[in-house]
>>> print(open('coords.txt').read())   # compact mmCIF, C-alpha atoms and all ligand atoms
# COMPACT_ATOMS: atom_id res chain seq x y z
CA MET J 1 -13.72 11.89 -11.47
CA GLY J 2 -13.74 15.46 -12.73
CA PHE J 3 -10.43 16.22 -11.07
CA ILE J 4 -8.47 15.01 -14.11
CA ASP J 5 -10.29 17.45 -16.41
CA LYS J 6 -9.26 20.34 -14.21
CA THR J 7 -5.59 19.51 -14.72
CA ARG J 8 -6.06 19.67 -18.53
CA ALA J 9 -3.68 16.72 -18.79
CA ARG J 10 -3.72 14.50 -21.88
CA SER J 11 -0.93 12.01 -21.24
CA ILE J 12 -1.13 10.57 -17.77
CA LEU J 13 0.82 7.93 -15.90
CA PHE J 14 -0.97 6.06 -13.14
CA ALA J 15 1.81 4.84 -10.86
CA CYS J 16 1.45 2.06 -8.31
CA HIS J 17 3.81 1.67 -5.35
CA GLN J 18 6.71 -0.78 -5.67
CA ASN J 19 5.74 -4.44 -5.63
CA ALA J 20 2.25 -3.31 -6.66
CA ASP J 21 -0.42 -5.20 -4.74
CA PRO J 22 -3.93 -5.91 -6.07
CA ASP J 23 -5.30 -2.79 -4.34
CA ALA J 24 -2.86 -0.44 -6.08
CA LEU J 25 -3.04 -2.17 -9.44
CA CYS J 26 -6.81 -2.67 -9.59
CA SER J 27 -7.67 0.84 -8.42
CA ALA J 28 -5.37 2.31 -11.09
CA TYR J 29 -6.80 0.01 -13.75
CA VAL J 30 -10.44 0.81 -12.98
CA VAL J 31 -9.91 4.58 -12.84
CA SER J 32 -8.05 4.43 -16.17
CA LYS J 33 -10.92 2.51 -17.80
CA VAL J 34 -13.62 4.78 -16.43
CA LEU J 35 -11.81 7.99 -17.37
CA ASN J 36 -11.18 6.70 -20.87
CA ARG J 37 -14.89 6.02 -21.29
CA ILE J 38 -15.67 9.59 -20.29
CA ASN J 39 -12.90 11.09 -22.39
CA PRO J 40 -11.48 8.80 -25.08
CA ARG J 41 -8.78 11.33 -25.93
CA LEU J 42 -6.94 10.76 -22.66
CA ARG J 43 -3.82 8.65 -22.93
CA ILE J 44 -3.52 6.85 -19.63
CA SER J 45 -0.88 4.25 -18.94
CA ILE J 46 -0.25 2.23 -15.79
CA GLY J 47 3.17 1.75 -14.24
CA ALA J 48 4.33 -0.76 -11.65
CA PRO J 49 7.89 0.26 -10.68
CA GLY J 50 10.10 -2.76 -10.11
CA GLY J 51 7.29 -5.05 -11.22
CA ALA J 52 4.05 -6.14 -9.61
CA SER J 53 3.66 -8.59 -6.72
CA LYS J 54 3.17 -12.24 -7.50
CA ILE J 55 -0.53 -12.18 -6.81
CA SER J 56 -0.90 -9.04 -8.95
CA LYS J 57 0.87 -10.76 -11.83
CA GLY J 58 -1.96 -13.31 -11.88
CA ILE J 59 -4.50 -10.47 -12.11
CA ILE J 60 -2.51 -8.71 -14.85
CA GLU J 61 -2.74 -11.86 -16.95
CA GLU J 62 -6.36 -12.62 -16.16
CA ILE J 63 -7.89 -9.21 -16.85
CA PRO J 64 -5.54 -8.46 -18.84
CA ILE J 65 -3.84 -5.22 -17.78
CA ARG J 66 -1.16 -3.60 -19.92
CA LEU J 67 1.75 -2.04 -18.05
CA ASP J 68 3.80 0.88 -19.33
CA ASP J 69 7.59 0.55 -19.50
CA MET J 70 7.89 4.11 -18.10
CA GLN J 71 10.76 5.01 -20.42
CA HIS J 72 9.29 8.35 -21.50
CA LEU J 73 8.15 10.24 -18.44
CA GLU J 74 8.88 13.57 -20.13
CA LYS J 75 5.84 13.01 -22.38
CA MET J 76 3.49 12.88 -19.41
CA ASP J 77 1.43 15.89 -18.28
CA LEU J 78 0.35 14.36 -15.00
CA PHE J 79 1.27 11.57 -12.60
CA VAL J 80 -1.35 9.98 -10.38
CA LEU J 81 -0.04 7.83 -7.55
CA PHE J 82 -2.30 5.03 -6.35
CA ASP J 83 -2.29 3.49 -2.88
CA THR J 84 0.98 5.32 -2.20
CA ASN J 85 1.59 7.75 0.64
CA THR J 86 5.26 8.60 0.31
CA ILE J 87 7.19 9.28 -2.89
CA GLN J 88 9.86 6.86 -1.62
CA GLN J 89 7.42 3.99 -2.10
CA LEU J 90 7.96 4.44 -5.84
CA GLY J 91 11.71 3.86 -5.55
CA GLU J 92 13.77 5.26 -8.46
CA LEU J 93 10.58 6.20 -10.31
CA GLY J 94 9.71 8.68 -7.55
CA LYS J 95 12.88 10.66 -8.20
CA ARG J 96 12.33 10.58 -11.96
CA ILE J 97 8.77 11.83 -11.55
CA LEU J 98 9.92 14.71 -9.33
CA GLU J 99 12.57 15.64 -11.90
CA THR J 100 9.94 16.16 -14.61
CA GLY J 101 8.41 18.97 -12.55
CA LYS J 102 4.94 17.96 -13.81
CA GLN J 103 1.75 17.82 -11.76
CA ILE J 104 1.30 15.03 -9.25
CA ALA J 105 -1.95 13.71 -7.78
CA ILE J 106 -2.62 10.92 -5.28
CA ILE J 107 -5.55 8.62 -4.67
CA ASP J 108 -4.94 6.77 -1.43
CA HIS J 109 -6.36 5.45 1.82
CA HIS J 110 -3.26 5.61 4.05
CA ALA J 111 -2.70 8.24 6.71
CA ALA J 112 -1.71 11.35 4.77
CA SER J 113 2.04 11.87 4.99
CA PRO J 114 3.12 15.49 5.53
CA THR J 115 5.77 15.14 2.80
CA MET J 116 3.05 14.33 0.27
CA LYS J 117 1.33 17.64 0.88
CA GLU J 118 4.33 19.36 -0.66
CA VAL J 119 4.71 16.87 -3.49
CA ALA J 120 1.13 16.35 -4.69
CA GLN J 121 -1.04 19.30 -5.71
CA LEU J 122 -4.14 17.13 -5.87
CA ARG J 123 -4.97 14.69 -3.12
CA ILE J 124 -7.91 12.37 -2.83
CA VAL J 125 -7.21 10.66 0.47
CA SER J 126 -9.65 8.93 2.78
CA GLU J 127 -8.29 7.11 5.77
CA LYS J 128 -11.80 5.81 6.46
CA SER J 129 -11.64 3.61 3.36
CA ARG J 130 -10.21 0.18 4.03
CA SER J 131 -8.70 0.04 0.54
CA THR J 132 -7.99 2.37 -2.36
CA CYS J 133 -10.44 0.26 -4.39
CA GLU J 134 -13.20 1.06 -1.90
CA LEU J 135 -12.37 4.75 -2.17
CA VAL J 136 -12.41 4.51 -5.97
CA TYR J 137 -15.83 2.84 -5.86
CA ASN J 138 -17.14 5.74 -3.78
CA LEU J 139 -15.84 8.26 -6.34
CA ILE J 140 -17.41 6.36 -9.22
CA GLU J 141 -20.71 5.91 -7.40
CA LYS J 142 -20.88 9.62 -6.60
CA ASP J 143 -20.57 10.42 -10.31
CA ARG J 144 -23.23 7.78 -11.15
CA ILE J 145 -20.87 5.96 -13.49
CA SER J 146 -21.69 2.32 -14.13
CA LEU J 147 -19.03 -0.37 -14.00
CA SER J 148 -18.41 -3.28 -16.33
CA ARG J 149 -18.34 -6.71 -14.73
CA LYS J 150 -14.56 -6.79 -15.17
CA GLU J 151 -14.12 -3.44 -13.44
CA ALA J 152 -16.35 -4.58 -10.58
CA LEU J 153 -14.25 -7.74 -10.30
CA CYS J 154 -11.05 -5.68 -10.10
CA LEU J 155 -12.38 -3.44 -7.33
CA PHE J 156 -13.60 -6.48 -5.41
CA MET J 157 -10.19 -8.15 -5.67
CA GLY J 158 -8.39 -5.06 -4.39
CA MET J 159 -10.84 -4.75 -1.50
CA ALA J 160 -10.65 -8.43 -0.58
CA TYR J 161 -6.85 -8.31 -0.67
CA ASP J 162 -6.44 -5.21 1.50
CA THR J 163 -9.04 -6.29 4.07
CA ARG J 164 -7.51 -9.77 4.36
CA HIS J 165 -10.60 -11.32 2.82
CA PHE J 166 -12.85 -8.91 4.72
CA ALA J 167 -11.45 -9.82 8.14
CA ILE J 168 -10.70 -6.11 8.70
CA ALA J 169 -13.53 -4.71 6.58
CA SER J 170 -15.86 -1.94 7.74
CA ALA J 171 -19.63 -1.71 7.32
CA GLU J 172 -18.92 0.49 4.30
CA SER J 173 -16.62 -2.16 2.81
CA PHE J 174 -19.44 -4.71 3.04
CA ARG J 175 -21.91 -2.29 1.46
CA VAL J 176 -19.54 -1.69 -1.46
CA ALA J 177 -18.72 -5.40 -1.76
CA ALA J 178 -22.45 -6.22 -1.95
CA LYS J 179 -22.86 -3.65 -4.75
CA LEU J 180 -19.99 -5.26 -6.63
CA VAL J 181 -21.50 -8.72 -6.23
CA GLU J 182 -24.76 -7.30 -7.63
CA ALA J 183 -22.70 -6.07 -10.59
CA GLY J 184 -21.73 -9.65 -11.34
CA VAL J 185 -18.73 -10.54 -9.16
CA ASP J 186 -18.53 -14.14 -7.93
CA PRO J 187 -17.03 -13.73 -4.43
CA GLU J 188 -16.19 -17.40 -4.00
CA LYS J 189 -14.13 -17.41 -7.18
CA VAL J 190 -12.29 -14.24 -6.15
CA MET J 191 -11.33 -15.70 -2.78
CA ARG J 192 -9.88 -18.76 -4.49
CA THR J 193 -7.85 -16.61 -6.88
CA LEU J 194 -6.49 -14.58 -3.97
CA SER J 195 -5.61 -17.42 -1.61
CA MET J 196 -2.51 -18.68 -3.32
CA PRO J 197 -0.14 -20.66 -1.12
CA LEU J 198 2.93 -18.76 0.07
CA GLU J 199 5.95 -18.97 -2.17
CA ARG J 200 8.90 -21.00 -0.98
CA SER J 201 11.10 -17.87 -0.65
CA GLU J 202 8.45 -16.23 1.53
CA ARG J 203 8.17 -19.26 3.81
CA VAL J 204 11.96 -19.42 4.17
CA ALA J 205 12.08 -15.68 4.98
CA ARG J 206 9.43 -16.15 7.67
CA LEU J 207 11.33 -19.05 9.22
CA LYS J 208 14.65 -17.15 9.18
CA THR J 209 12.94 -14.17 10.80
CA ALA J 210 11.59 -16.39 13.56
CA GLN J 211 15.06 -17.86 14.11
CA ARG J 212 16.71 -14.41 14.42
CA THR J 213 14.14 -12.87 16.71
CA ARG J 214 15.12 -10.73 19.70
CA ILE J 215 12.32 -10.76 22.23
CA MET J 216 11.77 -7.81 24.57
CA ASP J 217 9.28 -7.04 27.26
CA PHE J 218 7.97 -3.47 27.20
CA LYS J 219 5.42 -2.90 29.97
CA GLY J 220 4.22 -6.48 29.64
CA TRP J 221 3.93 -6.36 25.82
CA ILE J 222 5.95 -8.88 23.82
CA ILE J 223 7.87 -6.82 21.27
CA VAL J 224 10.09 -8.68 18.81
CA PHE J 225 12.80 -7.41 16.49
CA SER J 226 14.22 -9.39 13.62
CA ARG J 227 15.97 -9.07 10.29
CA VAL J 228 15.62 -10.62 6.88
CA SER J 229 16.59 -9.32 3.45
CA SER J 230 13.19 -9.81 1.79
CA HIS J 231 9.51 -10.40 2.64
CA GLN J 232 9.70 -8.18 5.74
CA ALA J 233 5.95 -7.51 5.83
CA SER J 234 4.95 -11.14 5.54
CA SER J 235 7.59 -12.10 8.11
CA ALA J 236 6.28 -9.51 10.58
CA ARG J 237 2.77 -10.93 10.14
CA GLY J 238 4.22 -14.39 10.72
CA LEU J 239 5.74 -13.26 14.03
CA LEU J 240 2.35 -11.93 15.17
CA SER J 241 0.75 -15.29 14.51
CA LEU J 242 3.52 -16.85 16.61
CA GLY J 243 2.46 -14.69 19.53
CA ALA J 244 4.22 -11.30 19.35
CA ASP J 245 2.26 -8.17 20.26
CA VAL J 246 4.47 -6.03 18.04
CA ALA J 247 6.82 -7.31 15.32
CA VAL J 248 9.52 -5.12 13.79
CA VAL J 249 11.30 -6.72 10.84
CA GLY J 250 14.02 -4.88 8.94
CA GLY J 251 16.39 -5.72 6.17
CA GLU J 252 19.02 -4.13 4.01
CA SER J 253 18.81 -4.56 0.27
CA ASP J 254 20.48 -2.52 -2.48
CA SER J 255 22.30 -0.51 0.22
CA SER J 256 19.00 0.81 1.56
CA LEU J 257 16.91 -0.21 4.51
CA ARG J 258 13.36 -1.56 4.38
CA ALA J 259 11.33 -2.42 7.42
CA SER J 260 7.82 -3.48 8.30
CA ILE J 261 6.00 -3.17 11.61
CA ARG J 262 2.87 -5.07 12.57
CA ALA J 263 0.95 -5.16 15.86
CA SER J 264 -1.86 -7.22 17.33
CA ASN J 265 -5.36 -5.73 17.63
CA ASP J 266 -5.14 -6.15 21.38
CA PHE J 267 -2.00 -3.99 21.50
CA LEU J 268 -3.50 -1.35 19.19
CA ASP J 269 -6.78 -1.15 21.08
CA ARG J 270 -5.27 -0.95 24.53
CA THR J 271 -2.37 1.42 23.80
CA GLY J 272 -4.15 3.59 21.23
CA ILE J 273 -0.92 3.65 19.23
CA HIS J 274 -1.20 4.21 15.46
CA LEU J 275 1.81 2.45 13.93
CA GLY J 276 1.90 4.61 10.80
CA ARG J 277 1.58 7.98 12.48
CA ASP J 278 3.11 7.38 15.92
CA LEU J 279 5.95 5.03 15.07
CA ALA J 280 6.81 4.68 11.38
CA GLN J 281 6.63 8.38 10.53
CA PRO J 282 8.91 9.69 13.32
CA LEU J 283 11.14 6.63 12.88
CA GLY J 284 11.55 7.34 9.18
CA GLU J 285 12.55 10.91 9.95
CA ALA J 286 14.97 9.80 12.68
CA ILE J 287 16.92 7.52 10.33
CA GLY J 288 16.86 9.83 7.32
CA GLY J 289 14.26 7.88 5.36
CA ALA J 290 10.48 7.92 5.17
CA GLY J 291 7.85 6.00 7.04
CA GLY J 292 4.09 5.72 7.12
CA GLY J 293 1.16 3.38 6.94
CA HIS J 294 -1.92 2.22 8.78
CA ARG J 295 -2.84 1.85 12.41
CA GLY J 296 -1.78 -1.80 12.53
CA ALA J 297 0.62 -2.07 9.58
CA ALA J 298 3.40 0.32 8.73
CA GLY J 299 6.62 0.47 6.75
CA ILE J 300 9.86 2.42 6.62
CA ASN J 301 12.11 2.94 3.60
CA GLY J 302 15.51 4.57 3.46
CA GLY J 303 18.32 5.09 5.92
CA LYS J 304 21.14 2.59 6.18
CA ASN J 305 22.08 1.20 9.55
CA LEU J 306 19.73 -1.52 10.75
CA GLU J 307 21.06 -1.53 14.33
CA ARG J 308 20.49 2.20 14.59
CA PHE J 309 17.03 1.69 13.19
CA PHE J 310 16.21 -0.85 15.91
CA THR J 311 17.62 1.44 18.62
CA GLU J 312 15.53 4.41 17.41
CA CYS J 313 12.48 2.17 17.17
CA LYS J 314 12.89 1.01 20.79
CA LYS J 315 13.32 4.63 21.92
CA ILE J 316 10.15 5.85 20.22
CA LEU J 317 8.13 2.83 21.35
CA ALA J 318 9.31 3.16 24.96
CA LYS J 319 8.41 6.84 24.94
CA LYS J 320 4.95 6.13 23.50
CA LEU J 321 4.27 3.36 26.01
CA ASN J 322 5.39 5.52 28.93
CA GLN J 323 2.99 8.32 28.05
MN MN J 401 -4.17 -0.40 -0.11
>>> encode(input="coords.txt", output="structure tokens", more="lines below")
Ligand SMILES: [Mn+2]
Amino acid sequence: MGFIDKTRARSILFACHQNADPDALCSAYVVSKVLNRINPRLRISIGAPGGASKISKGIIEEIPIRLDDMQHLEKMDLFVLFDTNTIQQLGELGKRILETGKQIAIIDHHAASPTMKEVAQLRIVSEKSRSTCELVYNLIEKDRISLSRKEALCLFMGMAYDTRHFAIASAESFRVAAKLVEAGVDPEKVMRTLSMPLERSERVARLKTAQRTRIMDFKGWIIVFSRVSSHQASSARGLLSLGADVAVVGGESDSSLRASIRASNDFLDRTGIHLGRDLAQPLGEAIGGAGGGHRGAAGINGGKNLERFFTECKKILAKKLNQ
């Protein structure tokens, strides 16, 4: 945790990515609490550009977590981005942060994006961690800092959310989760809090996506392309559960393009393709936006033309599968 001291910053904004999920929000919250215990003079505020996700809003109320309105960025000495691997994931806030010319740090578990190396002077990135909360736990443990029950609960929620209730957890995730349970977390209660039924708008988006699907066969893999103006990530997951090997769902909102790509474990294991690095990143560049993400879940922001996006996506996928 000593990295903040080295920056000599006093006023710090911890920024989550847009539509902040429990992993982004909880990791930022816990680091802010811990740092403030070590150095009470630090003024740390937490920002969720464009508002937090629905599930995060429940956590914000329960803990409670205070969010900053982010009106006065010029007063900040340092910005720390949580669970965020491209500046575009912050939307408008990203541009405003860059304009201040102040120091930027990231704490993240996504594949490091080359653009971030130029933007952030300080990077704590571990792709091995299945969530930013897991990574944060490791940092805290290394410094022998003890956690309150509430902080342990927050880290557990972020971990459970990002690992889909530990379905994609690693041995290390389970070790950390066990430590958090020892610190007082009730895992059963957390799971209930996190398994809220899908919102109506999300279910409608998934159904529309299924209706608009274009199905293609690439070397025997079922690849589907579809469009919807919101809930692209959830809709792509929905298409996988319907039977797709790879689901690419894009949509245009506020004159900019957003897309999510998901793939089945079978596809990932047998092709060795990393969606974030091999597909989303070059795709983002090709359409004049930015892309990145995990092996099995990636996203692209920016660019305009959805048809061109799909064409580029097919090109890159075909090339990868022909290798
Ligand atoms: Mn995460």
>>> residues_near_ligand(input="coords.txt", ligand="ligand MN 401 (chain J)", cutoff="8 Å", atoms="all atoms listed in the file", output="JSON, numbers by chain")
{"J": [21, 23, 24, 83, 84, 108, 109, 110, 130, 131, 132, 133, 158, 162]}
>>> residues_near_point(input="coords.txt", point="(13.2, -10.9, 0.6)", cutoff="10 Å", atoms="only C-alpha atoms", output="VMD selection string")
chain J and resid 201 to 202 204 to 206 228 to 235 251 to 253
>>> closest_residue(input="coords.txt", among="J:Pro64, J:Gly284, J:Gly91, J:Gly276", to="J:Asp254", atoms="only C-alpha atoms")
J:Gly91
>>> residues_near_point(input="coords.txt", point="(1.9, 10.0, -15.2)", cutoff="6 Å", atoms="all atoms listed in the file", output="list in words")
Ile12, Leu13, Phe14, Met76, Leu78, Phe79 and Val80 of chain J
>>> residues_around(input="coords.txt", residues="J:Thr100", least_positions_apart="4", cutoff="12 Å", atoms="only C-alpha atoms", output="JSON, numbers by chain")
{"J": [72, 73, 74, 75, 76, 77, 78, 79, 93, 94, 95, 96, 104]}
>>> closest_residue(input="coords.txt", among="J:Leu279, J:Ile87, J:Val249, J:Ala183", to="J:Ala236", atoms="only C-alpha atoms")
J:Val249
>>> atom_distance(input="coords.txt", atom1="atom CA of J:Gln323", atom2="atom CA of J:Ser241")
27.3 Å
>>> closest_residue(input="coords.txt", among="J:Ile46, J:Ile300, J:Arg295, J:Leu98", to="J:Ile168", atoms="all atoms listed in the file")
J:Arg295
>>> closest_residue(input="coords.txt", among="J:Lys117, J:Arg144, J:Arg192, J:Lys102", to="J:Met1", atoms="only C-alpha atoms")
J:Arg144
>>> residues_around(input="coords.txt", residues="J:Leu122", least_positions_apart="4", cutoff="10 Å", atoms="only C-alpha atoms", output="MDAnalysis selection string")
chainID J and resid 3:4 7 80 103:107 116:117
>>> write_last_selection(input="coords.txt", atoms="C-alpha atoms", output="CSV table (one decimal), in the frame of the given file")
chain,number,residue,atom,x,y,z
J,3,PHE,CA,-10.4,16.2,-11.1
J,4,ILE,CA,-8.5,15.0,-14.1
J,7,THR,CA,-5.6,19.5,-14.7
J,80,VAL,CA,-1.4,10.0,-10.4
J,103,GLN,CA,1.8,17.8,-11.8
J,104,ILE,CA,1.3,15.0,-9.2
J,105,ALA,CA,-2.0,13.7,-7.8
J,106,ILE,CA,-2.6,10.9,-5.3
J,107,ILE,CA,-5.6,8.6,-4.7
J,116,MET,CA,3.0,14.3,0.3
J,117,LYS,CA,1.3,17.6,0.9
>>> atom_distance(input="coords.txt", atom1="atom CA of J:Phe82", atom2="atom CA of J:Ile65")
15.4 Å
>>> residues_around(input="coords.txt", residues="J:Gly293", least_positions_apart="4", cutoff="10 Å", atoms="only C-alpha atoms", output="VMD selection string")
chain J and resid 84 to 86 109 to 113 260 to 261 274 to 277 279 to 281 297 to 300
>>> build_atoms(input="coords.txt", residues="stretch 298-319 of chain J", atoms="N, CA and C atoms", output="short mmCIF file (atom, residue, chain, number, x, y, z; two decimals), in the coordinates of the input")
data_model
loop_
_atom_site.label_atom_id
_atom_site.label_comp_id
_atom_site.auth_asym_id
_atom_site.auth_seq_id
_atom_site.Cartn_x
_atom_site.Cartn_y
_atom_site.Cartn_z
N ALA J 298 2.66 -0.84 9.21
CA ALA J 298 3.40 0.32 8.73
C ALA J 298 4.74 -0.11 8.15
N GLY J 299 5.35 0.78 7.39
CA GLY J 299 6.62 0.47 6.75
C GLY J 299 7.56 1.66 6.76
N ILE J 300 8.84 1.37 6.67
CA ILE J 300 9.86 2.42 6.62
C ILE J 300 10.82 2.09 5.48
N ASN J 301 11.13 3.10 4.68
CA ASN J 301 12.11 2.94 3.60
C ASN J 301 13.19 3.98 3.77
N GLY J 302 14.42 3.60 3.44
CA GLY J 302 15.51 4.57 3.46
C GLY J 302 16.35 4.42 4.71
N GLY J 303 17.39 5.25 4.81
CA GLY J 303 18.32 5.09 5.92
C GLY J 303 19.22 3.90 5.63
N LYS J 304 20.20 3.66 6.49
CA LYS J 304 21.14 2.59 6.18
C LYS J 304 21.33 1.59 7.30
N ASN J 305 21.61 2.09 8.49
CA ASN J 305 22.08 1.20 9.55
C ASN J 305 20.93 0.54 10.30
N LEU J 306 20.85 -0.77 10.16
CA LEU J 306 19.73 -1.52 10.75
C LEU J 306 19.76 -1.48 12.28
N GLU J 307 20.96 -1.57 12.87
CA GLU J 307 21.06 -1.53 14.33
C GLU J 307 20.56 -0.19 14.87
N ARG J 308 20.94 0.88 14.17
CA ARG J 308 20.49 2.20 14.59
C ARG J 308 18.98 2.32 14.45
N PHE J 309 18.47 1.71 13.41
CA PHE J 309 17.03 1.69 13.19
C PHE J 309 16.32 1.02 14.37
N PHE J 310 16.83 -0.14 14.78
CA PHE J 310 16.21 -0.85 15.91
C PHE J 310 16.29 -0.01 17.20
N THR J 311 17.44 0.62 17.42
CA THR J 311 17.62 1.44 18.62
C THR J 311 16.61 2.59 18.64
N GLU J 312 16.48 3.28 17.50
CA GLU J 312 15.53 4.41 17.41
C GLU J 312 14.11 3.91 17.63
N CYS J 313 13.82 2.75 17.06
CA CYS J 313 12.48 2.17 17.17
C CYS J 313 12.15 1.89 18.64
N LYS J 314 13.10 1.31 19.36
CA LYS J 314 12.89 1.01 20.79
C LYS J 314 12.65 2.30 21.56
N LYS J 315 13.44 3.34 21.22
CA LYS J 315 13.32 4.63 21.92
C LYS J 315 11.92 5.20 21.74
N ILE J 316 11.46 5.24 20.50
CA ILE J 316 10.15 5.85 20.22
C ILE J 316 9.03 5.02 20.85
N LEU J 317 9.16 3.71 20.76
CA LEU J 317 8.13 2.83 21.35
C LEU J 317 8.08 3.00 22.87
N ALA J 318 9.27 3.02 23.50
CA ALA J 318 9.31 3.16 24.96
C ALA J 318 8.67 4.47 25.39
N LYS J 319 8.97 5.53 24.62
CA LYS J 319 8.41 6.84 24.94
C LYS J 319 6.88 6.83 24.82
#
